[in-house]
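Asker: I'd like to ask some things about the structure below.
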Amino acid sequence: MSAAAQSVVKFKLKPIAPQECAASASELAALVGLDQVRVVFRGGAKNREAHEKAGLHLWYQGVAPTPAAAAQAVSRLASQASVGDARPSPR
């Protein structure tokens, strides 16, 4: 699959403890068929409190193999109780 055919999906978890985010995001991404899951906004130790207060630690992105798969992943993520927002995103 070429990189040009892949589509990025961004999603925001509903508020949970920061230490639980990565596992939850990975489980959700696997459930809807996304690969290469990573945090969108990287936070450093210096600004961790402000980063978490703003909810930036809740944003993740994953890669779908096609635009159609991305649209399906967005729809499936939106139906999950633990997801506050899901959208396709340009790379």
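Residue numbers start at 1 in each chain; chains themselves are named A, B, ... in the order of the structure tokens; ligands are numbered from 1 in the order shown.
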Excluding Gly84 in chain A and any residue of its chain fewer than 6 positions from it, enumerate the residues within 12 Å of it, using only C-alpha atoms, and give them as a PDB file with N, CA and C atoms, in the first residue's frame.

Answerer:
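This went into out21.pdb:
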ATOM      1  N   LYS A  10      -7.689  11.356  13.284  1.00  0.00           N
ATOM      2  CA  LYS A  10      -7.387  11.874  14.616  1.00  0.00           C
ATOM      3  C   LYS A  10      -8.603  11.635  15.502  1.00  0.00           C
ATOM      4  N   PHE A  11      -8.334  11.301  16.765  1.00  0.00           N
ATOM      5  CA  PHE A  11      -9.435  11.111  17.701  1.00  0.00           C
ATOM      6  C   PHE A  11      -9.031  11.555  19.099  1.00  0.00           C
ATOM      7  N   LYS A  12     -10.044  12.022  19.838  1.00  0.00           N
ATOM      8  CA  LYS A  12      -9.819  12.501  21.197  1.00  0.00           C
ATOM      9  C   LYS A  12     -10.597  11.615  22.156  1.00  0.00           C
ATOM     10  N   LEU A  13      -9.894  11.101  23.142  1.00  0.00           N
ATOM     11  CA  LEU A  13     -10.541  10.303  24.174  1.00  0.00           C
ATOM     12  C   LEU A  13     -11.300  11.214  25.118  1.00  0.00           C
ATOM     13  N   LYS A  14     -12.356  10.699  25.716  1.00  0.00           N
ATOM     14  CA  LYS A  14     -13.017  11.440  26.795  1.00  0.00           C
ATOM     15  C   LYS A  14     -12.065  11.416  27.983  1.00  0.00           C
ATOM     16  N   PRO A  15     -12.167  12.388  28.883  1.00  0.00           N
ATOM     17  CA  PRO A  15     -11.208  12.499  29.985  1.00  0.00           C
ATOM     18  C   PRO A  15     -11.033  11.209  30.788  1.00  0.00           C
ATOM     19  N   ILE A  16      -9.774  10.762  30.851  1.00  0.00           N
ATOM     20  CA  ILE A  16      -9.362   9.626  31.669  1.00  0.00           C
ATOM     21  C   ILE A  16      -7.986   9.946  32.229  1.00  0.00           C
ATOM     22  N   GLY A  55      -6.179  19.123  28.062  1.00  0.00           N
ATOM     23  CA  GLY A  55      -6.694  17.922  27.425  1.00  0.00           C
ATOM     24  C   GLY A  55      -5.911  17.473  26.206  1.00  0.00           C
ATOM     25  N   LEU A  58      -5.109  13.756  25.436  1.00  0.00           N
ATOM     26  CA  LEU A  58      -6.206  12.881  25.017  1.00  0.00           C
ATOM     27  C   LEU A  58      -6.299  12.709  23.508  1.00  0.00           C
ATOM     28  N   TRP A  59      -5.505  13.457  22.740  1.00  0.00           N
ATOM     29  CA  TRP A  59      -5.560  13.402  21.282  1.00  0.00           C
ATOM     30  C   TRP A  59      -4.562  12.388  20.718  1.00  0.00           C
ATOM     31  N   TYR A  60      -5.054  11.518  19.834  1.00  0.00           N
ATOM     32  CA  TYR A  60      -4.237  10.493  19.175  1.00  0.00           C
ATOM     33  C   TYR A  60      -4.554  10.471  17.691  1.00  0.00           C
ATOM     34  N   VAL A  74     -13.578   6.523  11.426  1.00  0.00           N
ATOM     35  CA  VAL A  74     -14.143   7.711  12.065  1.00  0.00           C
ATOM     36  C   VAL A  74     -15.547   7.405  12.574  1.00  0.00           C
ATOM     37  N   LEU A  77     -15.275   5.009  15.556  1.00  0.00           N
ATOM     38  CA  LEU A  77     -14.745   5.697  16.735  1.00  0.00           C
ATOM     39  C   LEU A  77     -15.804   6.597  17.351  1.00  0.00           C
ATOM     40  N   ALA A  78     -16.550   7.305  16.517  1.00  0.00           N
ATOM     41  CA  ALA A  78     -17.579   8.223  17.002  1.00  0.00           C
ATOM     42  C   ALA A  78     -18.665   7.496  17.801  1.00  0.00           C
TER      43      ALA A  78
END

Asker: Running DSSP on the backbone, which parts of range 13-62 of chain A land in helix (DSSP H, G or I), as a ChimeraX atom specification?

Answerer: /A:18-32,48-53,56-58

Asker: Could you check which of A:Gly33, A:Val83, A:Val9, A:Asn47 is closest to Cys21 in chain A, using only C-alpha atoms?

Answerer: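 Closest candidate: A:Val83.
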
Asker: Env of Leu31 in chain A: 12 Å cut, atoms = only C-alpha atoms, seq-sep filter 5 positions within chain, self excluded. Answer as a PyMOL selection string.

Answerer: chain A and resi 24-26+62+72-74+76-77+79-80

Asker: Can you write just those residues out, C-alpha atoms, as an mmCIF file, in the first residue's frame?

Answerer:
data_model
loop_
_atom_site.group_PDB
_atom_site.id
_atom_site.type_symbol
_atom_site.label_atom_id
_atom_site.label_comp_id
_atom_site.auth_asym_id
_atom_site.auth_seq_id
_atom_site.Cartn_x
_atom_site.Cartn_y
_atom_site.Cartn_z
ATOM 1 C CA SER A 24 -6.982 2.914 25.624
ATOM 2 C CA ALA A 25 -6.043 4.647 22.357
ATOM 3 C CA SER A 26 -4.203 1.552 21.111
ATOM 4 C CA GLY A 62 -3.770 6.475 13.530
ATOM 5 C CA GLN A 72 -15.323 3.825 8.432
ATOM 6 C CA ALA A 73 -12.859 4.187 11.328
ATOM 7 C CA VAL A 74 -14.143 7.711 12.065
ATOM 8 C CA ARG A 76 -16.815 3.505 14.411
ATOM 9 C CA LEU A 77 -14.745 5.697 16.735
ATOM 10 C CA SER A 79 -19.870 5.454 18.232
ATOM 11 C CA GLN A 80 -17.518 4.515 21.101
#

Asker: I need the residue nearest Gln19 in chain A from this list: A:Ser75, A:Gln36, A:Gln6, A:His57. Use only C-alpha atoms for the distance.

Answerer: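 Distance minimum relative to Gln19 in chain A lands on A:His57.
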
Asker: Could you state the separation of CA of Arg48 in chain A and CA of Leu28 in chain A in Å, given to one decimal place?

Answerer: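 Between these atoms lies a distance of 24.0 Å.
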
Asker: List every residue of chain A that DSSP, applied to the backbone of this structure, assigns to strand (DSSP E or B), and report them as a PDB file with all heavy atoms, in the first residue's frame.

Answerer:
ATOM      1  N   SER A   7      -4.672   7.143   4.846  1.00  0.00           N
ATOM      2  CA  SER A   7      -5.372   8.301   5.394  1.00  0.00           C
ATOM      3  C   SER A   7      -5.202   8.346   6.905  1.00  0.00           C
ATOM      4  O   SER A   7      -5.251   7.314   7.573  1.00  0.00           O
ATOM      5  CB  SER A   7      -6.861   8.222   5.063  1.00  0.00           C
ATOM      6  OG  SER A   7      -7.065   8.326   3.675  1.00  0.00           O
ATOM      7  N   VAL A   8      -5.034   9.542   7.430  1.00  0.00           N
ATOM      8  CA  VAL A   8      -4.844   9.745   8.864  1.00  0.00           C
ATOM      9  C   VAL A   8      -6.187  10.067   9.509  1.00  0.00           C
ATOM     10  O   VAL A   8      -6.990  10.828   8.970  1.00  0.00           O
ATOM     11  CB  VAL A   8      -3.840  10.892   9.122  1.00  0.00           C
ATOM     12  CG1 VAL A   8      -3.722  11.189  10.606  1.00  0.00           C
ATOM     13  CG2 VAL A   8      -2.482  10.532   8.542  1.00  0.00           C
ATOM     14  N   VAL A   9      -6.404   9.472  10.678  1.00  0.00           N
ATOM     15  CA  VAL A   9      -7.603   9.734  11.478  1.00  0.00           C
ATOM     16  C   VAL A   9      -7.137  10.232  12.839  1.00  0.00           C
ATOM     17  O   VAL A   9      -6.268   9.621  13.469  1.00  0.00           O
ATOM     18  CB  VAL A   9      -8.438   8.443  11.657  1.00  0.00           C
ATOM     19  CG1 VAL A   9      -9.577   8.679  12.638  1.00  0.00           C
ATOM     20  CG2 VAL A   9      -8.960   7.956  10.317  1.00  0.00           C
ATOM     21  N   LYS A  10      -7.689  11.356  13.284  1.00  0.00           N
ATOM     22  CA  LYS A  10      -7.387  11.874  14.616  1.00  0.00           C
ATOM     23  C   LYS A  10      -8.603  11.635  15.502  1.00  0.00           C
ATOM     24  O   LYS A  10      -9.739  11.754  15.050  1.00  0.00           O
ATOM     25  CB  LYS A  10      -7.067  13.369  14.575  1.00  0.00           C
ATOM     26  CG  LYS A  10      -5.739  13.653  13.915  1.00  0.00           C
ATOM     27  CD  LYS A  10      -5.383  15.118  13.998  1.00  0.00           C
ATOM     28  CE  LYS A  10      -4.037  15.346  13.320  1.00  0.00           C
ATOM     29  NZ  LYS A  10      -3.664  16.752  13.318  1.00  0.00           N
ATOM     30  N   PHE A  11      -8.334  11.301  16.765  1.00  0.00           N
ATOM     31  CA  PHE A  11      -9.435  11.111  17.701  1.00  0.00           C
ATOM     32  C   PHE A  11      -9.031  11.555  19.099  1.00  0.00           C
ATOM     33  O   PHE A  11      -7.863  11.528  19.463  1.00  0.00           O
ATOM     34  CB  PHE A  11      -9.937   9.659  17.698  1.00  0.00           C
ATOM     35  CG  PHE A  11      -8.922   8.620  18.071  1.00  0.00           C
ATOM     36  CD1 PHE A  11      -8.871   8.103  19.358  1.00  0.00           C
ATOM     37  CD2 PHE A  11      -8.028   8.129  17.131  1.00  0.00           C
ATOM     38  CE1 PHE A  11      -7.955   7.124  19.696  1.00  0.00           C
ATOM     39  CE2 PHE A  11      -7.110   7.146  17.455  1.00  0.00           C
ATOM     40  CZ  PHE A  11      -7.070   6.644  18.741  1.00  0.00           C
ATOM     41  N   LYS A  12     -10.044  12.022  19.838  1.00  0.00           N
ATOM     42  CA  LYS A  12      -9.819  12.501  21.197  1.00  0.00           C
ATOM     43  C   LYS A  12     -10.597  11.615  22.156  1.00  0.00           C
ATOM     44  O   LYS A  12     -11.802  11.409  21.987  1.00  0.00           O
ATOM     45  CB  LYS A  12     -10.290  13.946  21.347  1.00  0.00           C
ATOM     46  CG  LYS A  12     -10.058  14.520  22.728  1.00  0.00           C
ATOM     47  CD  LYS A  12     -10.544  15.949  22.839  1.00  0.00           C
ATOM     48  CE  LYS A  12     -10.243  16.507  24.220  1.00  0.00           C
ATOM     49  NZ  LYS A  12     -10.773  17.859  24.374  1.00  0.00           N
ATOM     50  N   LEU A  13      -9.894  11.101  23.142  1.00  0.00           N
ATOM     51  CA  LEU A  13     -10.541  10.303  24.174  1.00  0.00           C
ATOM     52  C   LEU A  13     -11.300  11.214  25.118  1.00  0.00           C
ATOM     53  O   LEU A  13     -10.930  12.371  25.312  1.00  0.00           O
ATOM     54  CB  LEU A  13      -9.492   9.523  24.969  1.00  0.00           C
ATOM     55  CG  LEU A  13      -8.609   8.575  24.171  1.00  0.00           C
ATOM     56  CD1 LEU A  13      -7.521   8.001  25.077  1.00  0.00           C
ATOM     57  CD2 LEU A  13      -9.426   7.471  23.543  1.00  0.00           C
ATOM     58  N   ASP A  35      -3.606   1.706  12.219  1.00  0.00           N
ATOM     59  CA  ASP A  35      -2.235   1.334  12.561  1.00  0.00           C
ATOM     60  C   ASP A  35      -1.448   2.595  12.911  1.00  0.00           C
ATOM     61  O   ASP A  35      -1.927   3.709  12.748  1.00  0.00           O
ATOM     62  CB  ASP A  35      -1.548   0.666  11.356  1.00  0.00           C
ATOM     63  CG  ASP A  35      -2.153  -0.687  11.030  1.00  0.00           C
ATOM     64  OD1 ASP A  35      -2.482  -1.423  11.969  1.00  0.00           O
ATOM     65  OD2 ASP A  35      -2.282  -0.992   9.837  1.00  0.00           O
ATOM     66  N   GLN A  36      -0.223   2.401  13.345  1.00  0.00           N
ATOM     67  CA  GLN A  36       0.713   3.500  13.607  1.00  0.00           C
ATOM     68  C   GLN A  36       0.110   4.555  14.543  1.00  0.00           C
ATOM     69  O   GLN A  36       0.167   5.756  14.282  1.00  0.00           O
ATOM     70  CB  GLN A  36       1.172   4.148  12.300  1.00  0.00           C
ATOM     71  CG  GLN A  36       1.825   3.191  11.330  1.00  0.00           C
ATOM     72  CD  GLN A  36       2.112   3.841  10.000  1.00  0.00           C
ATOM     73  OE1 GLN A  36       2.423   5.024   9.937  1.00  0.00           O
ATOM     74  NE2 GLN A  36       2.027   3.069   8.922  1.00  0.00           N
ATOM     75  N   VAL A  37      -0.480   4.104  15.623  1.00  0.00           N
ATOM     76  CA  VAL A  37      -1.126   5.012  16.573  1.00  0.00           C
ATOM     77  C   VAL A  37      -0.072   5.780  17.343  1.00  0.00           C
ATOM     78  O   VAL A  37       0.922   5.217  17.801  1.00  0.00           O
ATOM     79  CB  VAL A  37      -2.015   4.214  17.550  1.00  0.00           C
ATOM     80  CG1 VAL A  37      -2.675   5.141  18.551  1.00  0.00           C
ATOM     81  CG2 VAL A  37      -3.049   3.433  16.779  1.00  0.00           C
ATOM     82  N   ARG A  38      -0.287   7.087  17.460  1.00  0.00           N
ATOM     83  CA  ARG A  38       0.644   7.923  18.225  1.00  0.00           C
ATOM     84  C   ARG A  38      -0.101   9.119  18.797  1.00  0.00           C
ATOM     85  O   ARG A  38      -1.172   9.489  18.322  1.00  0.00           O
ATOM     86  CB  ARG A  38       1.820   8.377  17.373  1.00  0.00           C
ATOM     87  CG  ARG A  38       1.470   9.348  16.277  1.00  0.00           C
ATOM     88  CD  ARG A  38       2.741   9.830  15.553  1.00  0.00           C
ATOM     89  NE  ARG A  38       2.454  10.908  14.636  1.00  0.00           N
ATOM     90  CZ  ARG A  38       2.374  12.194  14.967  1.00  0.00           C
ATOM     91  NH1 ARG A  38       2.551  12.582  16.201  1.00  0.00           N
ATOM     92  NH2 ARG A  38       2.128  13.112  14.046  1.00  0.00           N
ATOM     93  N   VAL A  39       0.485   9.702  19.802  1.00  0.00           N
ATOM     94  CA  VAL A  39      -0.081  10.896  20.416  1.00  0.00           C
ATOM     95  C   VAL A  39       0.090  12.066  19.444  1.00  0.00           C
ATOM     96  O   VAL A  39       1.088  12.153  18.729  1.00  0.00           O
ATOM     97  CB  VAL A  39       0.571  11.169  21.797  1.00  0.00           C
ATOM     98  CG1 VAL A  39       2.018  11.538  21.657  1.00  0.00           C
ATOM     99  CG2 VAL A  39      -0.189  12.211  22.566  1.00  0.00           C
ATOM    100  N   TRP A  59      -5.505  13.457  22.740  1.00  0.00           N
ATOM    101  CA  TRP A  59      -5.560  13.402  21.282  1.00  0.00           C
ATOM    102  C   TRP A  59      -4.562  12.388  20.718  1.00  0.00           C
ATOM    103  O   TRP A  59      -3.381  12.420  21.051  1.00  0.00           O
ATOM    104  CB  TRP A  59      -5.257  14.770  20.678  1.00  0.00           C
ATOM    105  CG  TRP A  59      -6.427  15.689  20.721  1.00  0.00           C
ATOM    106  CD1 TRP A  59      -6.679  16.650  21.661  1.00  0.00           C
ATOM    107  CD2 TRP A  59      -7.497  15.744  19.789  1.00  0.00           C
ATOM    108  NE1 TRP A  59      -7.848  17.291  21.364  1.00  0.00           N
ATOM    109  CE2 TRP A  59      -8.377  16.749  20.208  1.00  0.00           C
ATOM    110  CE3 TRP A  59      -7.805  15.035  18.624  1.00  0.00           C
ATOM    111  CZ2 TRP A  59      -9.535  17.068  19.522  1.00  0.00           C
ATOM    112  CZ3 TRP A  59      -8.959  15.357  17.939  1.00  0.00           C
ATOM    113  CH2 TRP A  59      -9.810  16.363  18.387  1.00  0.00           C
ATOM    114  N   TYR A  60      -5.054  11.518  19.834  1.00  0.00           N
ATOM    115  CA  TYR A  60      -4.237  10.493  19.175  1.00  0.00           C
ATOM    116  C   TYR A  60      -4.554  10.471  17.691  1.00  0.00           C
ATOM    117  O   TYR A  60      -5.587  11.000  17.256  1.00  0.00           O
ATOM    118  CB  TYR A  60      -4.519   9.106  19.779  1.00  0.00           C
ATOM    119  CG  TYR A  60      -3.908   8.961  21.141  1.00  0.00           C
ATOM    120  CD1 TYR A  60      -4.554   9.465  22.266  1.00  0.00           C
ATOM    121  CD2 TYR A  60      -2.673   8.368  21.305  1.00  0.00           C
ATOM    122  CE1 TYR A  60      -3.981   9.367  23.516  1.00  0.00           C
ATOM    123  CE2 TYR A  60      -2.086   8.264  22.556  1.00  0.00           C
ATOM    124  CZ  TYR A  60      -2.743   8.769  23.659  1.00  0.00           C
ATOM    125  OH  TYR A  60      -2.162   8.683  24.894  1.00  0.00           O
ATOM    126  N   GLN A  61      -3.672   9.863  16.933  1.00  0.00           N
ATOM    127  CA  GLN A  61      -3.949   9.659  15.520  1.00  0.00           C
ATOM    128  C   GLN A  61      -3.481   8.277  15.107  1.00  0.00           C
ATOM    129  O   GLN A  61      -2.580   7.703  15.713  1.00  0.00           O
ATOM    130  CB  GLN A  61      -3.319  10.722  14.642  1.00  0.00           C
ATOM    131  CG  GLN A  61      -1.830  10.652  14.492  1.00  0.00           C
ATOM    132  CD  GLN A  61      -1.309  11.736  13.572  1.00  0.00           C
ATOM    133  OE1 GLN A  61      -1.882  12.810  13.475  1.00  0.00           O
ATOM    134  NE2 GLN A  61      -0.219  11.457  12.908  1.00  0.00           N
ATOM    135  N   GLY A  62      -4.134   7.759  14.081  1.00  0.00           N
ATOM    136  CA  GLY A  62      -3.770   6.475  13.530  1.00  0.00           C
ATOM    137  C   GLY A  62      -3.897   6.538  12.027  1.00  0.00           C
ATOM    138  O   GLY A  62      -4.464   7.488  11.474  1.00  0.00           O
ATOM    139  N   VAL A  63      -3.370   5.535  11.356  1.00  0.00           N
ATOM    140  CA  VAL A  63      -3.361   5.510   9.898  1.00  0.00           C
ATOM    141  C   VAL A  63      -4.263   4.384   9.405  1.00  0.00           C
ATOM    142  O   VAL A  63      -4.145   3.238   9.849  1.00  0.00           O
ATOM    143  CB  VAL A  63      -1.928   5.322   9.365  1.00  0.00           C
ATOM    144  CG1 VAL A  63      -1.910   5.222   7.851  1.00  0.00           C
ATOM    145  CG2 VAL A  63      -1.044   6.471   9.832  1.00  0.00           C
ATOM    146  N   ALA A  64      -5.149   4.736   8.476  1.00  0.00           N
ATOM    147  CA  ALA A  64      -6.002   3.757   7.803  1.00  0.00           C
ATOM    148  C   ALA A  64      -5.410   3.491   6.423  1.00  0.00           C
ATOM    149  O   ALA A  64      -4.791   4.376   5.827  1.00  0.00           O
ATOM    150  CB  ALA A  64      -7.422   4.293   7.679  1.00  0.00           C
ATOM    151  N   VAL A  83     -14.831   7.896  23.316  1.00  0.00           N
ATOM    152  CA  VAL A  83     -14.268   8.833  22.340  1.00  0.00           C
ATOM    153  C   VAL A  83     -15.125  10.095  22.297  1.00  0.00           C
ATOM    154  O   VAL A  83     -16.334  10.042  22.138  1.00  0.00           O
ATOM    155  CB  VAL A  83     -14.192   8.184  20.936  1.00  0.00           C
ATOM    156  CG1 VAL A  83     -13.718   9.192  19.899  1.00  0.00           C
ATOM    157  CG2 VAL A  83     -13.266   6.976  20.969  1.00  0.00           C
ATOM    158  N   GLY A  84     -14.454  11.237  22.455  1.00  0.00           N
ATOM    159  CA  GLY A  84     -15.149  12.518  22.433  1.00  0.00           C
ATOM    160  C   GLY A  84     -15.212  13.153  21.062  1.00  0.00           C
ATOM    161  O   GLY A  84     -16.108  13.923  20.761  1.00  0.00           O
ATOM    162  N   ASP A  85     -14.255  12.823  20.182  1.00  0.00           N
ATOM    163  CA  ASP A  85     -14.188  13.423  18.852  1.00  0.00           C
ATOM    164  C   ASP A  85     -13.384  12.493  17.948  1.00  0.00           C
ATOM    165  O   ASP A  85     -12.424  11.865  18.403  1.00  0.00           O
ATOM    166  CB  ASP A  85     -13.508  14.790  18.927  1.00  0.00           C
ATOM    167  CG  ASP A  85     -13.606  15.592  17.648  1.00  0.00           C
ATOM    168  OD1 ASP A  85     -14.282  15.164  16.709  1.00  0.00           O
ATOM    169  OD2 ASP A  85     -12.977  16.665  17.588  1.00  0.00           O
ATOM    170  N   ALA A  86     -13.775  12.402  16.699  1.00  0.00           N
ATOM    171  CA  ALA A  86     -13.035  11.625  15.716  1.00  0.00           C
ATOM    172  C   ALA A  86     -13.215  12.299  14.367  1.00  0.00           C
ATOM    173  O   ALA A  86     -14.338  12.700  14.005  1.00  0.00           O
ATOM    174  CB  ALA A  86     -13.544  10.189  15.655  1.00  0.00           C
ATOM    175  N   ARG A  87     -12.121  12.403  13.611  1.00  0.00           N
ATOM    176  CA  ARG A  87     -12.201  13.082  12.313  1.00  0.00           C
ATOM    177  C   ARG A  87     -11.061  12.649  11.396  1.00  0.00           C
ATOM    178  O   ARG A  87      -9.964  12.344  11.868  1.00  0.00           O
ATOM    179  CB  ARG A  87     -12.159  14.585  12.503  1.00  0.00           C
ATOM    180  CG  ARG A  87     -10.887  15.073  13.182  1.00  0.00           C
ATOM    181  CD  ARG A  87     -10.857  16.549  13.416  1.00  0.00           C
ATOM    182  NE  ARG A  87     -11.686  16.864  14.571  1.00  0.00           N
ATOM    183  CZ  ARG A  87     -11.748  18.055  15.124  1.00  0.00           C
ATOM    184  NH1 ARG A  87     -11.025  19.033  14.653  1.00  0.00           N
ATOM    185  NH2 ARG A  87     -12.520  18.279  16.159  1.00  0.00           N
ATOM    186  N   PRO A  88     -11.321  12.660  10.093  1.00  0.00           N
ATOM    187  CA  PRO A  88     -10.223  12.428   9.162  1.00  0.00           C
ATOM    188  C   PRO A  88      -9.313  13.666   9.194  1.00  0.00           C
ATOM    189  O   PRO A  88      -9.764  14.764   9.499  1.00  0.00           O
ATOM    190  CB  PRO A  88     -10.908  12.272   7.802  1.00  0.00           C
ATOM    191  CG  PRO A  88     -12.237  12.914   7.977  1.00  0.00           C
ATOM    192  CD  PRO A  88     -12.585  12.860   9.434  1.00  0.00           C
ATOM    193  N   SER A  89      -8.054  13.468   8.892  1.00  0.00           N
ATOM    194  CA  SER A  89      -7.130  14.576   8.976  1.00  0.00           C
ATOM    195  C   SER A  89      -6.123  14.512   7.842  1.00  0.00           C
ATOM    196  O   SER A  89      -5.635  13.441   7.499  1.00  0.00           O
ATOM    197  CB  SER A  89      -6.374  14.511  10.304  1.00  0.00           C
ATOM    198  OG  SER A  89      -5.405  15.512  10.373  1.00  0.00           O
TER     199      SER A  89
END

Asker: Using only C-alpha atoms, which of A:Ala71, A:Ala17, A:Val40, A:Ala23 sits nearest Leu56 in chain A?

Answerer: A:Val40

Asker: Find the distance between CA of Ala29 in chain A and CA of Ala81 in chain A and write it in Å to one decimal.

Answerer: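 Atom-to-atom, CA of Ala29 in chain A and CA of Ala81 in chain A are spaced 13.9 Å apart.
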